[in-house]
file run27.txt (compact mmCIF, C-alpha atoms (C1' of nucleotides))
# COMPACT_ATOMS: atom_id res chain seq x y z
CA MET V 19 13.24 5.80 -28.03
CA LYS V 20 16.66 6.38 -26.52
CA LEU V 21 18.11 3.98 -24.00
CA ILE V 22 18.12 6.54 -21.23
CA GLU V 23 14.43 7.21 -21.66
CA ALA V 24 13.51 3.55 -22.03
CA ARG V 25 15.41 2.74 -18.83
CA GLN V 26 13.60 5.53 -17.03
CA GLN V 27 10.23 4.21 -18.16
CA PHE V 28 11.08 0.68 -17.21
CA ILE V 29 12.15 1.69 -13.72
CA SER V 30 9.16 3.88 -13.23
CA SER V 31 6.59 1.30 -14.30
CA TRP V 32 8.26 -1.49 -12.42
CA GLY V 33 7.87 0.75 -9.36
CA ALA V 34 4.20 1.44 -10.06
CA PHE V 35 3.61 -2.24 -10.75
CA GLY V 36 5.17 -3.12 -7.41
CA THR V 37 2.89 -0.79 -5.50
CA HIS V 38 -0.12 -2.65 -6.90
CA TRP V 39 1.23 -5.81 -5.36
CA GLY V 40 2.14 -4.56 -1.91
CA ILE V 41 5.80 -3.84 -2.65
CA ASN V 42 7.11 -0.39 -2.00
CA ARG V 43 8.01 1.75 -4.93
CA THR V 44 11.65 2.26 -4.06
CA MET V 45 12.32 -1.40 -3.51
CA ALA V 46 10.80 -2.23 -6.88
CA GLN V 47 12.76 0.56 -8.57
CA ILE V 48 16.07 -0.55 -7.15
CA HIS V 49 15.29 -4.04 -8.34
CA ALA V 50 14.41 -2.74 -11.79
CA LEU V 51 17.60 -0.70 -11.97
CA LEU V 52 19.74 -3.69 -11.07
CA LEU V 53 17.90 -5.89 -13.58
CA ILE V 54 18.84 -3.62 -16.45
CA SER V 55 22.36 -2.78 -15.32
CA ALA V 56 25.09 -4.73 -17.03
CA ASP V 57 27.42 -4.50 -14.02
CA PRO V 58 27.01 -4.48 -10.25
CA LEU V 59 26.21 -1.10 -8.70
CA THR V 60 27.13 0.63 -5.47
CA GLN V 61 24.69 2.35 -3.13
CA ASP V 62 25.92 5.68 -4.46
CA ASP V 63 25.17 4.64 -8.03
CA MET V 64 21.60 3.84 -7.06
CA MET V 65 21.16 7.01 -5.02
CA GLU V 66 22.24 9.02 -8.00
CA GLN V 67 20.29 7.18 -10.67
CA LEU V 68 17.05 7.00 -8.68
CA ASN V 69 17.38 10.26 -6.76
CA ILE V 70 16.86 8.75 -3.37
CA SER V 71 18.56 9.17 -0.02
CA ARG V 72 21.27 7.00 1.43
CA GLY V 73 19.07 5.61 4.20
CA ASN V 74 16.25 4.70 1.84
CA THR V 75 18.65 3.03 -0.55
CA ASN V 76 20.34 1.06 2.16
CA MET V 77 17.12 -0.19 3.77
CA ASN V 78 15.60 -1.28 0.51
CA ILE V 79 18.74 -3.03 -0.71
CA ARG V 80 18.75 -5.04 2.46
CA GLU V 81 15.09 -5.86 2.04
CA LEU V 82 15.81 -7.09 -1.48
CA ILE V 83 18.60 -9.24 -0.09
CA ASN V 84 16.14 -10.69 2.46
CA TRP V 85 13.83 -11.54 -0.40
CA GLY V 86 16.70 -13.34 -2.10
CA LEU V 87 16.51 -11.13 -5.18
CA VAL V 88 19.75 -9.18 -4.81
CA GLU V 89 23.17 -10.09 -3.58
CA ARG V 90 26.27 -8.36 -2.38
CA VAL V 91 29.27 -8.64 -4.66
CA LEU V 92 32.80 -7.91 -3.53
CA LEU V 93 35.01 -6.64 -6.30
CA PRO V 94 38.72 -7.36 -5.76
CA GLY V 95 40.63 -4.30 -4.62
CA GLU V 96 37.44 -2.31 -4.05
CA ARG V 97 36.50 -1.01 -0.65
CA LYS V 98 32.86 -0.36 -1.52
CA GLU V 99 30.14 -2.98 -1.65
CA TYR V 100 28.54 -3.73 -4.99
CA PHE V 101 25.12 -5.23 -5.59
CA THR V 102 23.67 -7.30 -8.36
CA ALA V 103 20.27 -8.83 -9.11
CA GLU V 104 19.48 -12.29 -10.40
CA LYS V 105 18.84 -11.80 -14.12
CA ASP V 106 17.13 -15.10 -14.86
CA ILE V 107 13.49 -14.05 -14.68
CA TRP V 108 12.19 -17.54 -14.06
CA LYS V 109 14.46 -17.75 -11.01
CA VAL V 110 13.22 -14.35 -9.88
CA VAL V 111 9.61 -15.44 -10.18
CA LYS V 112 10.26 -18.66 -8.31
CA GLN V 113 12.02 -16.79 -5.54
CA ILE V 114 9.12 -14.36 -5.16
CA ILE V 115 6.62 -17.23 -5.12
CA LYS V 116 8.70 -19.00 -2.49
CA GLU V 117 8.83 -15.98 -0.22
CA ARG V 118 5.22 -14.97 -0.53
CA LYS V 119 4.11 -18.52 0.02
CA LYS V 120 6.13 -18.65 3.22
CA ARG V 121 5.13 -15.20 4.43
CA GLU V 122 1.47 -15.16 3.48
CA LEU V 123 -0.07 -18.36 2.18
CA GLU V 124 1.24 -20.69 4.88
CA PRO V 125 0.21 -18.51 7.85
CA MET V 126 -3.21 -18.06 6.25
CA LEU V 127 -3.65 -21.83 5.94
CA GLN V 128 -2.65 -22.30 9.56
CA LEU V 129 -5.23 -19.77 10.65
CA LEU V 130 -7.94 -21.45 8.58
CA ASP V 131 -7.18 -24.78 10.25
CA LYS V 132 -7.85 -23.14 13.58
CA LEU V 133 -10.97 -21.32 12.46
CA GLU V 134 -12.52 -24.45 10.99
CA GLU V 135 -12.80 -25.87 14.52
CA VAL V 136 -15.25 -23.19 15.57
CA GLU V 137 -17.77 -24.28 18.22
CA GLY V 138 -21.46 -24.42 17.43
CA ASP V 139 -24.22 -26.36 15.79
CA LYS V 140 -23.66 -26.98 12.10
CA ARG V 141 -27.42 -26.77 11.61
CA ASP V 142 -27.15 -23.10 12.51
CA LYS V 143 -27.07 -21.33 9.14
CA GLN V 144 -24.43 -18.81 10.24
CA VAL V 145 -22.14 -21.54 11.59
CA LYS V 146 -22.61 -23.58 8.44
CA THR V 147 -21.81 -20.70 6.13
CA PHE V 148 -18.71 -19.82 8.11
CA VAL V 149 -17.37 -23.36 8.20
CA ASP V 150 -18.16 -23.97 4.52
CA THR V 151 -16.37 -20.79 3.48
CA VAL V 152 -13.33 -21.55 5.60
CA ARG V 153 -13.19 -25.12 4.30
CA SER V 154 -13.40 -24.20 0.67
CA ILE V 155 -10.74 -21.52 0.96
CA LYS V 156 -8.55 -23.99 2.78
CA LYS V 157 -9.04 -26.63 0.13
CA LEU V 158 -8.10 -24.34 -2.71
CA GLY V 159 -5.27 -22.86 -0.65
CA ARG V 160 -3.75 -26.28 -0.03
CA HIS V 161 -3.86 -27.09 -3.72
CA ALA V 162 -2.23 -23.79 -4.55
CA ASP V 163 0.41 -24.44 -1.91
CA LYS V 164 1.34 -27.82 -3.36
CA THR V 165 1.28 -26.57 -6.92
CA LEU V 166 3.55 -23.67 -6.07
CA ASP V 167 5.92 -26.03 -4.29
CA LYS V 168 6.36 -27.97 -7.46
CA MET V 169 6.80 -24.84 -9.51
CA ILE V 170 9.53 -23.64 -7.21
CA ARG V 171 11.46 -26.79 -8.01
CA ALA V 172 10.75 -26.78 -11.73
CA GLU V 173 12.93 -25.72 -14.62
CA GLU V 174 11.60 -22.96 -16.80
CA SER V 175 11.77 -25.09 -19.93
CA TRP V 176 9.81 -27.82 -18.21
CA PHE V 177 7.26 -25.37 -16.96
CA ILE V 178 6.68 -23.65 -20.25
CA GLY V 179 6.69 -26.87 -22.22
CA THR V 180 4.16 -28.47 -19.93
CA MET V 181 1.92 -25.44 -19.86
CA ILE V 182 1.89 -25.28 -23.62
CA LYS V 183 0.84 -28.89 -23.93
CA LEU V 184 -1.64 -28.59 -21.12
CA PHE V 185 -3.35 -25.45 -22.18
CA LYS V 186 -2.95 -25.54 -25.95
CA MET Q 1 -13.53 -20.75 19.77
CA LYS Q 2 -16.94 -19.10 19.52
CA LEU Q 3 -18.40 -18.16 16.14
CA ILE Q 4 -18.34 -14.47 16.90
CA GLU Q 5 -14.63 -14.55 17.67
CA ALA Q 6 -13.80 -16.79 14.72
CA ARG Q 7 -15.65 -14.45 12.37
CA GLN Q 8 -13.78 -11.49 13.81
CA GLN Q 9 -10.45 -13.20 13.25
CA PHE Q 10 -11.35 -14.21 9.74
CA ILE Q 11 -12.34 -10.68 8.79
CA SER Q 12 -9.31 -9.17 10.40
CA SER Q 13 -6.81 -11.49 8.72
CA TRP Q 14 -8.51 -11.29 5.38
CA GLY Q 15 -8.01 -7.53 5.69
CA ALA Q 16 -4.37 -7.84 6.63
CA PHE Q 17 -3.84 -10.35 3.84
CA GLY Q 18 -5.36 -7.93 1.36
CA THR Q 19 -3.02 -5.11 2.33
CA HIS Q 20 -0.06 -7.34 1.45
CA TRP Q 21 -1.47 -7.64 -2.05
CA GLY Q 22 -2.31 -4.02 -2.75
CA ILE Q 23 -5.96 -4.21 -1.72
CA ASN Q 24 -7.21 -1.82 0.89
CA ARG Q 25 -8.09 -3.19 4.26
CA THR Q 26 -11.73 -2.12 4.26
CA MET Q 27 -12.45 -3.55 0.84
CA ALA Q 28 -10.98 -6.89 1.88
CA GLN Q 29 -12.91 -6.84 5.16
CA ILE Q 30 -16.23 -6.15 3.49
CA HIS Q 31 -15.52 -8.99 1.13
CA ALA Q 32 -14.67 -11.27 4.04
CA LEU Q 33 -17.83 -10.31 5.90
CA LEU Q 34 -20.00 -11.06 2.89
CA LEU Q 35 -18.23 -14.38 2.30
CA ILE Q 36 -19.15 -15.63 5.75
CA SER Q 37 -22.66 -14.15 5.88
CA ALA Q 38 -25.44 -16.57 5.13
CA ASP Q 39 -27.73 -13.85 3.79
CA PRO Q 40 -27.27 -10.63 1.84
CA LEU Q 41 -26.38 -7.55 3.90
CA THR Q 42 -27.23 -3.86 3.71
CA GLN Q 43 -24.74 -1.03 3.95
CA ASP Q 44 -25.92 -0.41 7.48
CA ASP Q 45 -25.24 -4.01 8.46
CA MET Q 46 -21.67 -3.67 7.22
CA MET Q 47 -21.15 -0.28 8.86
CA GLU Q 48 -22.23 -1.75 12.15
CA GLN Q 49 -20.35 -5.03 11.96
CA LEU Q 50 -17.10 -3.50 10.73
CA ASN Q 51 -17.35 -0.16 12.52
CA ILE Q 52 -16.80 1.94 9.45
CA SER Q 53 -18.45 5.06 8.08
CA ARG Q 54 -21.18 5.20 5.49
CA GLY Q 55 -18.95 6.80 2.86
CA ASN Q 56 -16.20 4.28 3.28
CA THR Q 57 -18.65 1.40 3.13
CA ASN Q 58 -20.34 2.73 0.04
CA MET Q 59 -17.12 3.38 -1.89
CA ASN Q 60 -15.67 -0.01 -1.13
CA ILE Q 61 -18.86 -1.90 -1.96
CA ARG Q 62 -18.86 -0.24 -5.34
CA GLU Q 63 -15.23 -1.10 -5.82
CA LEU Q 64 -16.01 -4.74 -5.04
CA ILE Q 65 -18.81 -4.62 -7.59
CA ASN Q 66 -16.35 -3.24 -10.17
CA TRP Q 67 -14.09 -6.17 -9.42
CA GLY Q 68 -17.02 -8.49 -10.04
CA LEU Q 69 -16.81 -9.98 -6.55
CA VAL Q 70 -20.00 -8.58 -5.06
CA GLU Q 71 -23.42 -7.96 -6.45
CA ARG Q 72 -26.49 -5.97 -5.59
CA VAL Q 73 -29.53 -8.00 -4.59
CA LEU Q 74 -33.02 -6.57 -4.54
CA LEU Q 75 -35.24 -8.21 -2.00
CA PRO Q 76 -38.93 -8.04 -2.87
CA GLY Q 77 -40.78 -5.41 -0.91
CA GLU Q 78 -37.54 -3.96 0.50
CA ARG Q 79 -36.52 -0.43 -0.22
CA LYS Q 80 -32.90 -0.91 0.83
CA GLU Q 81 -30.24 -2.46 -1.34
CA TYR Q 82 -28.71 -5.72 -0.23
CA PHE Q 83 -25.33 -7.11 -1.23
CA THR Q 84 -23.95 -10.56 -1.57
CA ALA Q 85 -20.59 -12.06 -2.51
CA GLU Q 86 -19.89 -14.98 -4.80
CA LYS Q 87 -19.26 -17.91 -2.44
CA ASP Q 88 -17.63 -20.31 -4.89
CA ILE Q 89 -13.96 -19.67 -4.13
CA TRP Q 90 -12.72 -20.97 -7.44
CA LYS Q 91 -14.95 -18.46 -9.20
CA VAL Q 92 -13.64 -15.74 -6.89
CA VAL Q 93 -10.04 -16.64 -7.70
CA LYS Q 94 -10.75 -16.71 -11.42
CA GLN Q 95 -12.43 -13.34 -11.25
CA ILE Q 96 -9.49 -11.80 -9.38
CA ILE Q 97 -7.05 -13.31 -11.89
CA LYS Q 98 -9.12 -11.94 -14.74
CA GLU Q 99 -9.19 -8.43 -13.34
CA ARG Q 100 -5.55 -8.23 -12.34
CA LYS Q 101 -4.52 -9.64 -15.68
CA LYS Q 102 -6.49 -6.93 -17.44
CA ARG Q 103 -5.45 -4.12 -15.12
CA GLU Q 104 -1.79 -4.96 -14.64
CA LEU Q 105 -0.33 -7.76 -16.70
CA GLU Q 106 -1.66 -6.63 -20.09
CA PRO Q 107 -0.56 -2.99 -19.79
CA MET Q 108 2.85 -4.17 -18.60
CA LEU Q 109 3.23 -6.40 -21.67
CA GLN Q 110 2.26 -3.54 -23.94
CA LEU Q 111 4.87 -1.34 -22.37
CA LEU Q 112 7.53 -4.02 -22.75
CA ASP Q 113 6.73 -4.31 -26.46
CA LYS Q 114 7.46 -0.64 -26.82
CA LEU Q 115 10.61 -0.71 -24.69
CA GLU Q 116 12.07 -3.60 -26.62
CA GLU Q 117 12.36 -1.34 -29.66
CA VAL Q 118 14.88 0.90 -27.95
CA GLU Q 119 17.40 2.55 -30.30
CA GLY Q 120 21.06 1.74 -30.04
CA ASP Q 121 23.81 -0.68 -30.89
CA LYS Q 122 23.19 -4.14 -29.49
CA ARG Q 123 26.95 -4.52 -29.08
CA ASP Q 124 26.75 -1.84 -26.41
CA LYS Q 125 26.67 -3.79 -23.17
CA GLN Q 126 24.08 -1.50 -21.57
CA VAL Q 127 21.75 -1.75 -24.55
CA LYS Q 128 22.14 -5.49 -24.69
CA THR Q 129 21.38 -5.97 -21.00
CA PHE Q 130 18.32 -3.76 -21.24
CA VAL Q 131 16.91 -5.51 -24.29
CA ASP Q 132 17.67 -8.97 -22.90
CA THR Q 133 15.92 -8.17 -19.63
CA VAL Q 134 12.87 -6.70 -21.34
CA ARG Q 135 12.68 -9.67 -23.72
CA SER Q 136 12.89 -12.29 -21.03
CA ILE Q 137 10.27 -10.61 -18.87
CA LYS Q 138 8.04 -10.32 -21.91
CA LYS Q 139 8.47 -13.94 -22.79
CA LEU Q 140 7.54 -15.17 -19.35
CA GLY Q 141 4.77 -12.60 -19.12
CA ARG Q 142 3.20 -13.82 -22.36
CA HIS Q 143 3.27 -17.38 -21.14
CA ALA Q 144 1.68 -16.36 -17.87
CA ASP Q 145 -0.94 -14.40 -19.76
CA LYS Q 146 -1.93 -17.37 -21.90
CA THR Q 147 -1.90 -19.77 -19.00
CA LEU Q 148 -4.09 -17.49 -16.91
CA ASP Q 149 -6.51 -17.17 -19.84
CA LYS Q 150 -7.00 -20.88 -19.85
CA MET Q 151 -7.39 -21.00 -16.09
CA ILE Q 152 -10.09 -18.37 -16.25
CA ARG Q 153 -12.06 -20.65 -18.51
CA ALA Q 154 -11.38 -23.83 -16.58
CA GLU Q 155 -13.58 -25.74 -14.15
CA GLU Q 156 -12.21 -26.17 -10.68
CA SER Q 157 -12.41 -29.94 -10.86
CA TRP Q 158 -10.54 -29.94 -14.13
CA PHE Q 159 -7.95 -27.60 -12.75
CA ILE Q 160 -7.33 -29.50 -9.56
CA GLY Q 161 -7.37 -32.86 -11.30
CA THR Q 162 -4.87 -31.74 -13.89
CA MET Q 163 -2.62 -30.13 -11.36
CA ILE Q 164 -2.57 -33.26 -9.26
CA LYS Q 165 -1.57 -35.42 -12.20
CA LEU Q 166 0.90 -32.89 -13.41
CA PHE Q 167 2.65 -32.21 -10.20
CA LYS Q 168 2.25 -35.48 -8.33
C1' DA H 3 46.01 3.74 17.69
C1' DT H 4 43.97 7.00 14.50
C1' DA H 5 41.91 8.63 10.53
C1' DT H 6 39.08 7.80 6.79
C1' DA H 7 35.79 5.47 3.92
C1' DG H 8 31.83 3.15 4.03
C1' DT H 9 27.49 1.28 6.17
C1' DT H 10 23.56 1.19 9.20
C1' DT H 11 20.11 2.99 12.23
C1' DC H 12 16.22 5.57 13.43
C1' DA H 13 13.70 9.78 15.07
C1' DA H 14 11.75 13.40 12.55
C1' DT H 15 9.27 14.64 8.55
C1' DA H 16 7.03 14.19 4.18
C1' DA H 17 4.07 11.90 1.09
C1' DT H 18 0.55 8.91 0.27
C1' DT H 19 -3.56 6.58 1.10
C1' DA H 20 -7.77 5.68 3.70
C1' DT H 21 -11.66 7.38 6.24
C1' DT H 22 -15.09 10.39 7.85
C1' DG H 23 -19.33 12.86 7.78
C1' DA H 24 -22.22 16.13 6.13
C1' DA H 25 -24.28 17.90 1.97
C1' DA H 26 -26.08 16.76 -2.52
C1' DA H 27 -28.34 13.67 -5.37
C1' DT H 28 -31.46 10.04 -6.23
C1' DT H 29 -35.34 6.97 -5.60
C1' DC H 30 -39.79 5.88 -4.52
C1' DA H 31 -44.31 5.98 -2.13
C1' DA H 32 -48.19 8.63 -1.06
C1' DT O 28 -45.58 17.19 -6.69
C1' DT O 29 -43.73 16.60 -1.98
C1' DG O 30 -41.05 14.52 1.39
C1' DA O 31 -38.91 10.71 3.62
C1' DA O 32 -35.62 7.05 2.88
C1' DT O 33 -31.62 5.82 0.83
C1' DT O 34 -27.38 6.31 -1.79
C1' DT O 35 -23.51 8.87 -3.51
C1' DT O 36 -19.95 12.31 -3.55
C1' DC O 37 -16.03 14.64 -1.99
C1' DA O 38 -13.43 18.17 0.79
C1' DA O 39 -11.43 17.84 5.15
C1' DT O 40 -9.00 15.01 8.29
C1' DA O 41 -6.79 11.01 10.13
C1' DA O 42 -3.91 7.13 9.72
C1' DT O 43 -0.45 4.83 7.55
C1' DT O 44 3.63 4.24 5.10
C1' DA O 45 7.84 5.94 2.95
C1' DT O 46 11.80 8.91 3.04
C1' DT O 47 15.32 11.78 4.73
C1' DG O 48 19.58 12.94 6.81
C1' DA O 49 22.51 13.19 10.44
C1' DA O 50 24.63 10.55 14.04
C1' DA O 51 26.39 6.13 15.38
C1' DC O 52 28.65 2.35 14.07
C1' DT O 53 32.04 -0.70 11.53
C1' DA O 54 35.85 -1.95 8.77
C1' DT O 55 40.13 -0.97 6.78
C1' DA O 56 44.49 1.36 5.61
C1' DT O 57 48.34 3.76 7.35
call {"tool": "encode", "arguments": {"input": "run27.txt", "output": "structure tokens"}}
result
Amino acid sequence: MKLIEARQQFISSWGAFGTHWGINRTMAQIHALLLISADPLTQDDMMEQLNISRGNTNMNIRELINWGLVERVLLPGERKEYFTAEKDIWKVVKQIIKERKKRELEPMLQLLDKLEEVEGDKRDKQVKTFVDTVRSIKKLGRHADKTLDKMIRAEESWFIGTMIKLFK
Amino acid sequence: MKLIEARQQFISSWGAFGTHWGINRTMAQIHALLLISADPLTQDDMMEQLNISRGNTNMNIRELINWGLVERVLLPGERKEYFTAEKDIWKVVKQIIKERKKRELEPMLQLLDKLEEVEGDKRDKQVKTFVDTVRSIKKLGRHADKTLDKMIRAEESWFIGTMIKLFK
DNA sequence: ATATAGTTTCAATAATTATTGAAAATTCAA
DNA sequence: TTGAATTTTCAATAATTATTGAAACTATAT
């Protein structure tokens, strides 16, 4: 397979993969393109390579910057802005975990705290089932939260080494 | 907060949560409803409680069954089908991991194997960047795959105990 | 200051995805 | 069998989400 075709496939499946995880296709494709580009790219480079409009490109680049996955690079003497993605995949994964934890897991845990205090007689089967479900989700959620916290701070080598020992 | 309101909030946020992870709102809401229902429900129960059509209910129940999160229950003497969700949250999490691993992680790893064999001179900067990126994603992906395999087989108590020691 | 290159915004539109509801198929009891 | 109850399918429609492109804005060079 030629490089050009392999790149195309990579970008396209990264995009499809993203959509399965609640990330829009274009955002995932821009990320993919930057991951496999040796040098920083301009908006126009991305528009051309991915066949997308200027507005779409711009919005999704900024979203990737918000996620901490892409950064602006200023090349000396150049007027245009360039963009580059973190290439260290372990760092990328940690960054995504960090963001999703903050955006989704933490608010969910806060809600569960509130819902656990529902009024009513625990001898009522419906009340009991509700409270039990909320409690058990909360318990697992809190463990996940702590575990992910530690992962975010861990080195890849440590992580992989430990996992190998643990799960051998 | 009254039970009725708490249930409503739980269902609604479980639905919103799902949409952030590529799961459709209705499917997540049906799952939520079953999780907090003491007894099995019929399609009509769900239609009424969630205000959704028969077709939508039916399709999403079957999808939940495909995911291994819900099962049909036949009550003696009853003509109608009843449905119930696994209440053990650790089992639910393991089942979701198992399915997503099979549906998304494994095909991605297969693709990466193929893409790694791209033609071209490794001294070419573009080729090198592409291959390096593919390799590093593959490496981390394989570790994740193995780790998740072990998780799927683990007991919750074992998992939590180990994680606490590990990450204390 | 003005012109030009570059970036951002956002209303309009397109594309995608979810939902409905009625018809078809299935199941089961009489 | 027949027919009522129940489940399933799927074309049509609605709702949601993504994308465009042109205008507004900003930064920089002359």
call {"tool": "closest_atom_pairs", "arguments": {"input": "run27.txt", "of": "chain H", "to": "chain V", "cutoff": "12 Å", "atoms": "only C-alpha atoms (C1' of nucleotides)", "output": "CSV"}}
result
residue,atom,partner,partner_atom,distance
H:DT6,C1',V:Arg97,CA,11.8
H:DA7,C1',V:Arg97,CA,8.0
H:DG8,C1',V:Lys98,CA,6.6
H:DT9,C1',V:Asn76,CA,8.2
H:DT10,C1',V:Asn76,CA,7.7
H:DT11,C1',V:Gly73,CA,8.5
H:DC12,C1',V:Gly73,CA,9.7
H:DT18,C1',V:Thr37,CA,11.5
H:DT19,C1',V:Thr37,CA,11.8
call {"tool": "interface_residues", "arguments": {"input": "run27.txt", "of": "chain O", "to": "chain Q", "cutoff": "12 Å", "atoms": "only C-alpha atoms (C1' of nucleotides)", "output": "number ranges by chain"}}
result
O: 32-37, 43-44
call {"tool": "write_last_selection", "arguments": {"input": "run27.txt", "atoms": "C-alpha atoms (C1' of nucleotides)", "output": "mmCIF file, in the coordinates of the input"}}
result
data_model
loop_
_atom_site.group_PDB
_atom_site.id
_atom_site.type_symbol
_atom_site.label_atom_id
_atom_site.label_comp_id
_atom_site.auth_asym_id
_atom_site.auth_seq_id
_atom_site.Cartn_x
_atom_site.Cartn_y
_atom_site.Cartn_z
ATOM 1 C "C1'" DA O 32 -35.620 7.050 2.880
ATOM 2 C "C1'" DT O 33 -31.620 5.820 0.830
ATOM 3 C "C1'" DT O 34 -27.380 6.310 -1.790
ATOM 4 C "C1'" DT O 35 -23.510 8.870 -3.510
ATOM 5 C "C1'" DT O 36 -19.950 12.310 -3.550
ATOM 6 C "C1'" DC O 37 -16.030 14.640 -1.990
ATOM 7 C "C1'" DT O 43 -0.450 4.830 7.550
ATOM 8 C "C1'" DT O 44 3.630 4.240 5.100
#
call {"tool": "residues_around", "arguments": {"input": "run27.txt", "residues": "stretch 128-130 of chain V", "least_positions_apart": "3", "cutoff": "7 Å", "atoms": "all atoms listed in the file", "output": "PDB file with C-alpha atoms, keeping the file's coordinate frame"}}
result
ATOM      1  CA  GLU V 124       1.240 -20.690   4.880  1.00  0.00           C
ATOM      2  CA  PRO V 125       0.210 -18.510   7.850  1.00  0.00           C
ATOM      3  CA  LEU V 133     -10.970 -21.320  12.460  1.00  0.00           C
ATOM      4  CA  GLU V 134     -12.520 -24.450  10.990  1.00  0.00           C
ATOM      5  CA  VAL V 152     -13.330 -21.550   5.600  1.00  0.00           C
ATOM      6  CA  LYS V 156      -8.550 -23.990   2.780  1.00  0.00           C
TER       7      LYS V 156
END
call {"tool": "residues_around", "arguments": {"input": "run27.txt", "residues": "V:Asp167", "least_positions_apart": "6", "cutoff": "10 Å", "atoms": "all atoms listed in the file", "output": "JSON, numbers by chain"}}
result
{"V": [112, 115, 116, 119, 161], "Q": [167]}
call {"tool": "closest_atom_pairs", "arguments": {"input": "run27.txt", "of": "chain Q", "to": "chain V", "cutoff": "6 Å", "atoms": "all atoms listed in the file", "output": "CSV"}}
result
residue,atom,partner,partner_atom,distance
Q:Met1,CA,V:Val136,CA,5.2
Q:Lys2,CA,V:Glu137,CA,5.4
Q:Leu3,CA,V:Val136,CA,6.0
Q:Ala6,CA,V:Leu133,CA,5.8
Q:His20,CA,V:Gly40,CA,4.9
Q:Trp21,CA,V:Trp39,CA,4.6
Q:Gly22,CA,V:Gly40,CA,4.6
Q:Ile36,CA,V:Phe148,CA,4.8
Q:Ala38,CA,V:Thr147,CA,5.6
Q:Leu115,CA,V:Ala24,CA,5.8
Q:Val118,CA,V:Met19,CA,5.2
Q:Glu119,CA,V:Lys20,CA,5.4
Q:Gln126,CA,V:Ala56,CA,5.7
Q:Thr129,CA,V:Ala56,CA,5.6
Q:Phe130,CA,V:Ile54,CA,4.8
call {"tool": "residues_around", "arguments": {"input": "run27.txt", "residues": "O:DA39", "least_positions_apart": "5", "cutoff": "12 Å", "atoms": "only C-alpha atoms (C1' of nucleotides)", "output": "list in words"}}
result
DT21, DT22, DG23 and DA24 of chain H
call {"tool": "write_last_selection", "arguments": {"input": "run27.txt", "atoms": "C-alpha atoms (C1' of nucleotides)", "output": "tab-separated table (two decimals), keeping the file's coordinate frame"}}
result
chain	number	residue	atom	x	y	z
H	21	DT	C1'	-11.66	7.38	6.24
H	22	DT	C1'	-15.09	10.39	7.85
H	23	DG	C1'	-19.33	12.86	7.78
H	24	DA	C1'	-22.22	16.13	6.13
call {"tool": "atom_distance", "arguments": {"input": "run27.txt", "atom1": "atom C1' of O:DA51", "atom2": "atom CA of V:Asn69"}}
result
24.3 Å
call {"tool": "atom_distance", "arguments": {"input": "run27.txt", "atom1": "atom CA of V:Leu68", "atom2": "atom CA of V:Ser30"}}
result
9.6 Å
call {"tool": "atom_distance", "arguments": {"input": "run27.txt", "atom1": "atom C1' of H:DA13", "atom2": "atom CA of Q:Arg25"}}
result
27.6 Å
call {"tool": "axis_aligned_box", "arguments": {"input": "run27.txt", "around": "stretch 33-38 of chain Q", "padding_each_side": "3 Å", "output": "JSON"}}
result
{"center_x": -21.6, "center_y": -13.4, "center_z": 4.1, "size_x": 13.6, "size_y": 12.3, "size_z": 9.6}
call {"tool": "closest_residue", "arguments": {"input": "run27.txt", "among": "V:Glu89, V:Glu96, V:Glu117, V:Asp139", "to": "O:DT55", "atoms": "all atoms listed in the file"}}
result
V:Glu96
call {"tool": "residues_near_point", "arguments": {"input": "run27.txt", "point": "(-16.3, -2.2, 4.6)", "cutoff": "7 Å", "atoms": "only C-alpha atoms (C1' of nucleotides)", "output": "list in words"}}
result
Thr26, Met27, Gln29, Ile30, Met46, Met47, Leu50, Ile52, Asn56, Thr57 and Asn60 of chain Q
call {"tool": "residues_near_point", "arguments": {"input": "run27.txt", "point": "(-6.9, 8.0, 9.7)", "cutoff": "7 Å", "atoms": "only C-alpha atoms (C1' of nucleotides)", "output": "list in words"}}
result
DA20 and DT21 of chain H; DA41 and DA42 of chain O
